Every structure is written in structure tokens, then in C-alpha cells.
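**Student:** Okay, so here is input_3.pdb, and as you'll see once you scroll down, it has PDB, C-alpha atoms and all ligand atoms.
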MODEL        1
ATOM      1  CA  MET A   1      -0.890   8.813  -9.506  1.00  0.00           C
ATOM      2  CA  ALA A   2      -3.431   9.713  -6.857  1.00  0.00           C
ATOM      3  CA  ASP A   3      -1.423   8.760  -3.804  1.00  0.00           C
ATOM      4  CA  SER A   4      -2.771  11.612  -1.708  1.00  0.00           C
ATOM      5  CA  HIS A   5      -5.843   9.531  -0.856  1.00  0.00           C
ATOM      6  CA  ASP A   6      -6.110   6.196   0.853  1.00  0.00           C
ATOM      7  CA  ILE A   7      -6.000   4.379  -2.455  1.00  0.00           C
ATOM      8  CA  LYS A   8      -3.669   1.425  -2.620  1.00  0.00           C
ATOM      9  CA  PHE A   9      -2.749   0.646  -6.190  1.00  0.00           C
ATOM     10  CA  PRO A  10      -1.404  -2.844  -6.708  1.00  0.00           C
ATOM     11  CA  SER A  11       1.877  -2.803  -8.599  1.00  0.00           C
ATOM     12  CA  PRO A  12       1.176  -4.158 -12.096  1.00  0.00           C
ATOM     13  CA  GLY A  13       3.537  -7.065 -11.473  1.00  0.00           C
ATOM     14  CA  ASN A  14       1.306  -8.284  -8.641  1.00  0.00           C
ATOM     15  CA  VAL A  15      -1.898  -8.280 -10.676  1.00  0.00           C
ATOM     16  CA  VAL A  16      -2.831 -11.841 -11.638  1.00  0.00           C
ATOM     17  CA  LEU A  17      -6.288 -11.250 -13.074  1.00  0.00           C
ATOM     18  CA  ARG A  18      -8.555  -8.550 -14.478  1.00  0.00           C
ATOM     19  CA  GLY A  19     -12.217  -8.318 -15.268  1.00  0.00           C
ATOM     20  CA  GLY A  20     -15.199  -6.059 -15.598  1.00  0.00           C
ATOM     21  CA  CYS A  21     -18.656  -5.403 -16.942  1.00  0.00           C
ATOM     22  CA  ARG A  22     -19.780  -5.530 -20.552  1.00  0.00           C
ATOM     23  CA  CYS A  23     -19.540  -1.792 -21.287  1.00  0.00           C
ATOM     24  CA  GLY A  24     -16.210  -1.297 -19.532  1.00  0.00           C
ATOM     25  CA  ASN A  25     -17.421   1.269 -16.993  1.00  0.00           C
ATOM     26  CA  ILE A  26     -16.538  -1.107 -14.168  1.00  0.00           C
ATOM     27  CA  THR A  27     -13.200  -2.886 -14.137  1.00  0.00           C
ATOM     28  CA  TYR A  28     -11.267  -4.626 -11.386  1.00  0.00           C
ATOM     29  CA  THR A  29      -7.887  -6.198 -10.840  1.00  0.00           C
ATOM     30  CA  SER A  30      -6.911  -8.862  -8.369  1.00  0.00           C
ATOM     31  CA  THR A  31      -3.581  -9.748  -6.809  1.00  0.00           C
ATOM     32  CA  SER A  32      -4.917 -13.222  -5.918  1.00  0.00           C
ATOM     33  CA  LEU A  33      -6.482 -15.929  -7.989  1.00  0.00           C
ATOM     34  CA  PRO A  34      -9.909 -17.074  -6.774  1.00  0.00           C
ATOM     35  CA  THR A  35      -9.826 -19.564  -3.914  1.00  0.00           C
ATOM     36  CA  SER A  36     -12.952 -21.416  -5.069  1.00  0.00           C
ATOM     37  CA  MET A  37     -15.786 -21.334  -7.584  1.00  0.00           C
ATOM     38  CA  SER A  38     -19.374 -22.497  -7.322  1.00  0.00           C
ATOM     39  CA  HIS A  39     -22.606 -22.473  -9.303  1.00  0.00           C
ATOM     40  CA  CYS A  40     -25.585 -20.997  -7.432  1.00  0.00           C
ATOM     41  CA  HIS A  41     -29.082 -22.000  -8.563  1.00  0.00           C
ATOM     42  CA  CYS A  42     -31.068 -19.808  -6.156  1.00  0.00           C
ATOM     43  CA  LEU A  43     -33.930 -17.738  -7.560  1.00  0.00           C
ATOM     44  CA  ALA A  44     -32.172 -14.434  -6.889  1.00  0.00           C
ATOM     45  CA  CYS A  45     -29.094 -15.576  -8.846  1.00  0.00           C
ATOM     46  CA  ARG A  46     -31.243 -16.926 -11.663  1.00  0.00           C
ATOM     47  CA  GLN A  47     -33.152 -13.667 -11.966  1.00  0.00           C
ATOM     48  CA  ALA A  48     -30.077 -11.443 -11.630  1.00  0.00           C
ATOM     49  CA  SER A  49     -28.162 -13.433 -14.250  1.00  0.00           C
ATOM     50  CA  GLY A  50     -31.036 -14.378 -16.530  1.00  0.00           C
ATOM     51  CA  SER A  51     -29.584 -17.895 -16.569  1.00  0.00           C
ATOM     52  CA  PRO A  52     -30.260 -21.272 -14.937  1.00  0.00           C
ATOM     53  CA  PHE A  53     -27.472 -20.489 -12.444  1.00  0.00           C
ATOM     54  CA  GLN A  54     -24.867 -17.873 -11.589  1.00  0.00           C
ATOM     55  CA  THR A  55     -21.219 -18.887 -11.273  1.00  0.00           C
ATOM     56  CA  PHE A  56     -19.228 -17.129  -8.572  1.00  0.00           C
ATOM     57  CA  ALA A  57     -15.499 -17.001  -7.941  1.00  0.00           C
ATOM     58  CA  SER A  58     -14.473 -16.248  -4.376  1.00  0.00           C
ATOM     59  CA  PHE A  59     -11.585 -13.822  -3.700  1.00  0.00           C
ATOM     60  CA  PRO A  60      -9.876 -12.498  -0.566  1.00  0.00           C
ATOM     61  CA  ILE A  61     -11.503  -9.067  -0.356  1.00  0.00           C
ATOM     62  CA  ASP A  62      -8.223  -7.167  -0.024  1.00  0.00           C
ATOM     63  CA  SER A  63      -6.876  -8.538  -3.286  1.00  0.00           C
ATOM     64  CA  LEU A  64      -9.316  -6.501  -5.401  1.00  0.00           C
ATOM     65  CA  THR A  65      -9.043  -2.941  -6.718  1.00  0.00           C
ATOM     66  CA  TRP A  66     -12.000  -1.373  -8.539  1.00  0.00           C
ATOM     67  CA  THR A  67     -12.050   1.329 -11.221  1.00  0.00           C
ATOM     68  CA  THR A  68     -15.410   2.766 -12.213  1.00  0.00           C
ATOM     69  CA  HIS A  69     -16.514   5.436 -14.661  1.00  0.00           C
ATOM     70  CA  THR A  70     -20.019   6.740 -14.043  1.00  0.00           C
ATOM     71  CA  SER A  71     -21.997   9.933 -14.496  1.00  0.00           C
ATOM     72  CA  ARG A  72     -20.552  10.908 -11.099  1.00  0.00           C
ATOM     73  CA  GLY A  73     -17.039  10.663 -12.473  1.00  0.00           C
ATOM     74  CA  LEU A  74     -14.055   8.372 -12.256  1.00  0.00           C
ATOM     75  CA  SER A  75     -13.480   6.431  -9.073  1.00  0.00           C
ATOM     76  CA  ILE A  76     -10.600   4.165  -8.148  1.00  0.00           C
ATOM     77  CA  GLY A  77     -10.637   2.329  -4.896  1.00  0.00           C
ATOM     78  CA  ASN A  78     -10.523  -0.774  -2.869  1.00  0.00           C
ATOM     79  CA  THR A  79     -13.476  -2.893  -1.952  1.00  0.00           C
ATOM     80  CA  SER A  80     -14.873  -0.518   0.624  1.00  0.00           C
ATOM     81  CA  ASP A  81     -15.304   2.119  -2.098  1.00  0.00           C
ATOM     82  CA  GLU A  82     -18.731   1.640  -3.641  1.00  0.00           C
ATOM     83  CA  SER A  83     -19.183   4.966  -5.406  1.00  0.00           C
ATOM     84  CA  GLY A  84     -19.238   3.626  -8.938  1.00  0.00           C
ATOM     85  CA  LEU A  85     -21.362   0.518  -8.595  1.00  0.00           C
ATOM     86  CA  SER A  86     -25.115   0.109  -8.465  1.00  0.00           C
ATOM     87  CA  PHE A  87     -26.431  -2.195  -5.746  1.00  0.00           C
ATOM     88  CA  TYR A  88     -29.298  -4.469  -5.011  1.00  0.00           C
ATOM     89  CA  GLU A  89     -29.990  -6.480  -1.874  1.00  0.00           C
ATOM     90  CA  ALA A  90     -32.056  -9.562  -2.599  1.00  0.00           C
ATOM     91  CA  ASN A  91     -31.482 -10.388   1.062  1.00  0.00           C
ATOM     92  CA  PRO A  92     -30.454  -7.890   3.727  1.00  0.00           C
ATOM     93  CA  TRP A  93     -27.161  -9.735   4.219  1.00  0.00           C
ATOM     94  CA  ALA A  94     -26.257 -10.147   0.531  1.00  0.00           C
ATOM     95  CA  ARG A  95     -25.338  -7.062  -1.493  1.00  0.00           C
ATOM     96  CA  ARG A  96     -25.165  -7.520  -5.256  1.00  0.00           C
ATOM     97  CA  GLY A  97     -23.119  -5.002  -7.244  1.00  0.00           C
ATOM     98  CA  PHE A  98     -23.824  -4.392 -10.910  1.00  0.00           C
ATOM     99  CA  CYS A  99     -23.144  -1.851 -13.649  1.00  0.00           C
ATOM    100  CA  GLY A 100     -25.869   0.786 -13.805  1.00  0.00           C
ATOM    101  CA  ASN A 101     -25.013   1.442 -17.442  1.00  0.00           C
ATOM    102  CA  CYS A 102     -24.915  -1.995 -19.107  1.00  0.00           C
ATOM    103  CA  GLY A 103     -26.618  -3.997 -16.350  1.00  0.00           C
ATOM    104  CA  SER A 104     -23.900  -6.641 -15.965  1.00  0.00           C
ATOM    105  CA  PRO A 105     -23.769  -8.221 -12.508  1.00  0.00           C
ATOM    106  CA  VAL A 106     -20.197  -8.117 -11.211  1.00  0.00           C
ATOM    107  CA  ARG A 107     -20.135  -9.117  -7.576  1.00  0.00           C
ATOM    108  CA  LEU A 108     -21.911 -10.289  -4.454  1.00  0.00           C
ATOM    109  CA  HIS A 109     -20.786  -9.460  -0.933  1.00  0.00           C
ATOM    110  CA  SER A 110     -22.233 -11.361   1.975  1.00  0.00           C
ATOM    111  CA  ALA A 111     -22.278  -9.736   5.402  1.00  0.00           C
ATOM    112  CA  THR A 112     -21.721 -13.171   6.899  1.00  0.00           C
ATOM    113  CA  SER A 113     -18.373 -13.562   5.076  1.00  0.00           C
ATOM    114  CA  PRO A 114     -17.001 -10.022   5.208  1.00  0.00           C
ATOM    115  CA  ARG A 115     -13.417 -10.926   4.250  1.00  0.00           C
ATOM    116  CA  GLU A 116     -14.506 -12.577   1.026  1.00  0.00           C
ATOM    117  CA  MET A 117     -15.846 -11.129  -2.259  1.00  0.00           C
ATOM    118  CA  CYS A 118     -17.760 -13.263  -4.723  1.00  0.00           C
ATOM    119  CA  ILE A 119     -17.096 -12.122  -8.271  1.00  0.00           C
ATOM    120  CA  VAL A 120     -19.405 -13.134 -11.103  1.00  0.00           C
ATOM    121  CA  ALA A 121     -17.118 -15.560 -12.936  1.00  0.00           C
ATOM    122  CA  GLY A 122     -18.345 -14.486 -16.370  1.00  0.00           C
ATOM    123  CA  SER A 123     -16.822 -11.046 -15.778  1.00  0.00           C
ATOM    124  CA  ILE A 124     -13.271 -12.430 -15.511  1.00  0.00           C
ATOM    125  CA  ASP A 125     -11.046 -11.641 -18.497  1.00  0.00           C
ATOM    126  CA  GLU A 126      -9.530 -15.073 -19.035  1.00  0.00           C
ATOM    127  CA  GLY A 127      -6.786 -13.691 -21.257  1.00  0.00           C
ATOM    128  CA  SER A 128      -5.463 -11.720 -18.291  1.00  0.00           C
ATOM    129  CA  VAL A 129      -5.154 -14.656 -15.908  1.00  0.00           C
ATOM    130  CA  LYS A 130      -1.623 -15.433 -14.738  1.00  0.00           C
ATOM    131  CA  GLY A 131      -1.709 -19.000 -13.518  1.00  0.00           C
ATOM    132  CA  GLU A 132      -4.512 -21.507 -13.507  1.00  0.00           C
ATOM    133  CA  LEU A 133      -8.096 -20.726 -12.520  1.00  0.00           C
ATOM    134  CA  VAL A 134      -9.718 -23.172 -10.144  1.00  0.00           C
ATOM    135  CA  LYS A 135     -12.792 -24.852 -11.595  1.00  0.00           C
ATOM    136  CA  PRO A 136     -16.200 -24.825  -9.922  1.00  0.00           C
ATOM    137  CA  THR A 137     -16.552 -27.638  -7.397  1.00  0.00           C
ATOM    138  CA  GLU A 138     -20.226 -27.480  -6.478  1.00  0.00           C
ATOM    139  CA  HIS A 139     -23.816 -26.636  -7.344  1.00  0.00           C
ATOM    140  CA  ILE A 140     -25.641 -24.935  -4.482  1.00  0.00           C
ATOM    141  CA  PHE A 141     -29.290 -24.022  -3.802  1.00  0.00           C
ATOM    142  CA  LEU A 142     -30.602 -26.806  -6.000  1.00  0.00           C
ATOM    143  CA  GLU A 143     -33.827 -26.582  -3.992  1.00  0.00           C
ATOM    144  CA  GLU A 144     -34.569 -23.501  -6.141  1.00  0.00           C
ATOM    145  CA  GLN A 145     -33.219 -24.786  -9.461  1.00  0.00           C
ATOM    146  CA  ALA A 146     -34.901 -24.079 -12.792  1.00  0.00           C
ATOM    147  CA  GLY A 147     -37.225 -26.859 -13.882  1.00  0.00           C
ATOM    148  CA  TRP A 148     -36.477 -26.185 -17.553  1.00  0.00           C
ATOM    149  CA  PHE A 149     -32.749 -26.886 -17.265  1.00  0.00           C
ATOM    150  CA  ASP A 150     -31.397 -30.437 -17.041  1.00  0.00           C
ATOM    151  CA  LEU A 151     -28.218 -30.285 -15.047  1.00  0.00           C
ATOM    152  CA  PRO A 152     -25.672 -32.604 -16.680  1.00  0.00           C
ATOM    153  CA  GLU A 153     -23.816 -35.201 -14.642  1.00  0.00           C
ATOM    154  CA  ASP A 154     -20.582 -33.290 -14.096  1.00  0.00           C
ATOM    155  CA  GLY A 155     -19.308 -34.976 -10.957  1.00  0.00           C
ATOM    156  CA  LEU A 156     -19.509 -31.769  -8.903  1.00  0.00           C
ATOM    157  CA  GLY A 157     -20.913 -31.581  -5.388  1.00  0.00           C
ATOM    158  CA  ARG A 158     -24.661 -31.013  -5.251  1.00  0.00           C
ATOM    159  CA  PHE A 159     -26.384 -29.274  -2.371  1.00  0.00           C
ATOM    160  CA  GLU A 160     -29.982 -28.300  -1.683  1.00  0.00           C
ATOM    161  CA  ARG A 161     -28.786 -25.107   0.025  1.00  0.00           C
ATOM    162  CA  PHE A 162     -25.304 -24.008   1.075  1.00  0.00           C
ATOM    163  CA  SER A 163     -22.565 -26.606   0.922  1.00  0.00           C
ATOM    164  CA  GLU A 164     -21.666 -25.710   4.495  1.00  0.00           C
ATOM    165  CA  GLY A 165     -24.473 -26.124   6.979  1.00  0.00           C
ATOM    166  CA  GLU A 166     -22.720 -23.442   8.967  1.00  0.00           C
ATOM    167  CA  SER A 167     -23.774 -20.723   6.514  1.00  0.00           C
ATOM    168  CA  ASP A 168     -27.470 -20.916   7.389  1.00  0.00           C
ATOM    169  CA  ARG A 169     -26.542 -20.598  11.058  1.00  0.00           C
ATOM    170  CA  LYS A 170     -24.350 -17.562  10.358  1.00  0.00           C
ATOM    171  CA  ILE A 171     -27.172 -15.875   8.427  1.00  0.00           C
ATOM    172  CA  LYS A 172     -29.670 -16.548  11.208  1.00  0.00           C
ATOM    173  CA  ALA A 173     -27.252 -15.092  13.761  1.00  0.00           C
ATOM    174  CA  TRP A 174     -26.640 -12.044  11.566  1.00  0.00           C
ATOM    175  CA  MET A 175     -30.375 -11.456  11.113  1.00  0.00           C
ATOM    176  CA  GLU A 176     -30.957 -11.666  14.845  1.00  0.00           C
ATOM    177  CA  GLU A 177     -28.061  -9.334  15.549  1.00  0.00           C
ATOM    178  CA  HIS A 178     -29.379  -6.774  13.042  1.00  0.00           C
ATOM    179  CA  GLY A 179     -32.958  -7.044  14.138  1.00  0.00           C
ATOM    180  CA  ARG A 180     -34.360  -8.371  10.895  1.00  0.00           C
ATOM    181  CA  GLY A 181     -36.906 -11.089  11.256  1.00  0.00           C
ATOM    182  CA  GLY A 182     -38.402 -13.192   8.529  1.00  0.00           C
ATOM    183  CA  GLY A 183     -37.452 -12.959   4.876  1.00  0.00           C
ATOM    184  CA  GLU A 184     -35.339 -15.399   3.003  1.00  0.00           C
TER     185      GLU A 184
HETATM  186 ZN    ZN A 201     -21.131  -1.748 -17.729  1.00  0.00          ZN
HETATM  187 ZN    ZN A 202     -27.639 -17.573  -5.421  1.00  0.00          ZN
ENDMDL
END
For the file at hand, write its structure as C-alpha cells.

**Tutor:**
Amino acid sequence: MADSHDIKFPSPGNVVLRGGCRCGNITYTSTSLPTSMSHCHCLACRQASGSPFQTFASFPIDSLTWTTHTSRGLSIGNTSDESGLSFYEANPWARRGFCGNCGSPVRLHSATSPREMCIVAGSIDEGSVKGELVKPTEHIFLEEQAGWFDLPEDGLGRFERFSEGESDRKIKAWMEEHGRGGGE
């Protein structure tokens, strides 16, 4: 295989989960199960998903390997390799990756949590999972929730914004550091 580049292939025995977009142009493997899952009701997630909320699964960033087929060719790489994904930044600190061919959202990377990758949970191939997936524990950004969707009583944590108050502080600090005022 292509071991002349800085590509680290996980050995198949270490892969515990696979996933990808609808058309199959973007696939990923992970050597770790997600550490947490949450439902985000913010407007950006609602618009990007076309749903009342977007469910994310959080992974250690180094556990993921991406394989993408695009008009620019085949690309295999670790998280830092972005050649095959299309991107959108709803906020300057949050980069959303999606498939430019079928439009499926696949991931969100926040500059304030660089060691973590949030994968769109719907892209996980459940049949590939070795072990047990954690279940979502919280609904976040309910201050922006859809008025047309009645959230059932599911016993999960409910938060107007982030579940950790620390996150807003980290974003503010990041914005100041990168000279971006205003915005969401
Ligand atoms: Zn696709
Ligand atoms: Zn969101």
C-alpha cells in the first residue's frame, strides 16, 4: 500500500467502526468508539441537516482515517488531510465537512476542541460497530430549537446553549485571538 507518504493505515483488526456519506465517495474508519453523543438544535445544524436537530458523535481525532473519491482523484489520509471533502464554516471556529457529490454532512471540527472530531452520527455504519455505541446524553442549543418539533421527554440533559459553560468562554477567547469580532 502507499506507505511512501505520511499515511498511517490502521490495521484492520484495530478498526472498530466505519461510516461514510450516502453516495460512498467519502468513507472513514475509526480505531476508537465515540466518547460521547449529543443532539444539537442550533440553527446551523438544523439547516445543514434539514432536520429538527443534528446528532453528533465525538471521536479522538487521531482515531479516524478518511478515504475520499472526488473529481480530483482518490485520497486516503488522516484528519489533517482535507482534499476530498467540501467545507462550510457557519462560524469561523466551526468547520463542517460534507460530500460535494451527494451533499451528506459527515463531520464538524471545532477550532476550540482541536483534538476532537464530531462525526454526524447518521453516517455511522452500525453493522460495522465492534462493541457498544454510547447513546446521546444531551440536547444542546435549545434556545434555537425548531418550534414545529415537540421534543419528547427522553430523560436526557437539556441545555439552552453548550452543556459546558466553558465552551462559550473558549470560543470568545479564540475569536479574540484570531481577530474576529462579532458574529455568532
Ligand atoms: Zn457522497
Ligand atoms: Zn449545532

**Student:** I'd like the interatomic distance between atom CA of Thr68 of chain A and atom CA of Gly24 of chain A, to a tenth of an Å.

**Tutor:**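 Interatomic distance here is 8.4 Å.
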
**Student:** Which of these residues is nearest to Ser30 of chain A, using all atoms listed in the file: A:Val16, A:Ile119, A:Ala48, A:Ala173?

**Tutor:**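 Using all atoms listed in the file, Ser30 of chain A sits closest to A:Val16.
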
**Student:** Between atom CA of Ser58 of chain A and atom CA of Thr35 of chain A, what is the spacing in Å?

**Tutor:**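 Separating atom CA of Thr35 of chain A from atom CA of Ser58 of chain A is a distance of 5.7 Å.
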
**Student:** Which one is closest to Phe159 of chain A: A:Ile124, A:Ser38, A:Gly147, A:Gly131? Count all atoms listed in the file.

**Tutor:**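 Result for the nearest residue to Phe159 of chain A: A:Ser38.
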
**Student:** Given the file shown, enumerate the residues that the PyMOL selection byres (((chain A and resi 162) around 12) and not hetatm) captures and present them as a ChimeraX atom specification.

**Tutor:** /A:38-42,138-144,157-161,163-171

**Student:** Kindly compile the residues surrounding ligand ZN 201 (chain A) within 9 Å, counting only C-alpha atoms and all ligand atoms, and format them as a list of chain:residue names.

**Tutor:**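 Sorted by chain and then by number, the residues are A:Gly20, A:Cys21, A:Arg22, A:Cys23, A:Gly24, A:Asn25, A:Ile26, A:Thr27, A:Phe98, A:Cys99, A:Gly100, A:Asn101, A:Cys102, A:Gly103, A:Ser104, A:Pro105.
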
**Student:** Given all atoms listed in the file as the basis, pick out the residue of A:Thr67, A:Ser36, A:Asn14, A:Ser110 nearest to ligand ZN 202 (chain A).

**Tutor:**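 Selected residue with least distance to ligand ZN 202 (chain A): A:Ser110.
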
**Student:** Could you tell me which of A:Trp66, A:Phe9, A:Tyr28, A:Phe53 comes closest to Leu151 of chain A if we count all atoms listed in the file?

**Tutor:** A:Phe53

**Student:** Neighbourhood query: residues within 12 Å of (-20.9, -10.2, 4.8), file coordinates, counting only C-alpha atoms; return as a list in words.

**Tutor:** Ile61, Glu89, Asn91, Pro92, Trp93, Ala94, Arg95, Arg96, Leu108, His109, Ser110, Ala111, Thr112, Ser113, Pro114, Arg115, Glu116, Met117, Cys118, Ser167, Lys170, Ile171, Trp174 and Met175 of chain A

**Student:** Between atom CA of Trp148 of chain A and atom CA of Ala44 of chain A, measure the distance and give it in Å to one decimal.

**Tutor:**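 Straight-line distance from atom CA of Trp148 of chain A to atom CA of Ala44 of chain A works out to 16.4 Å.
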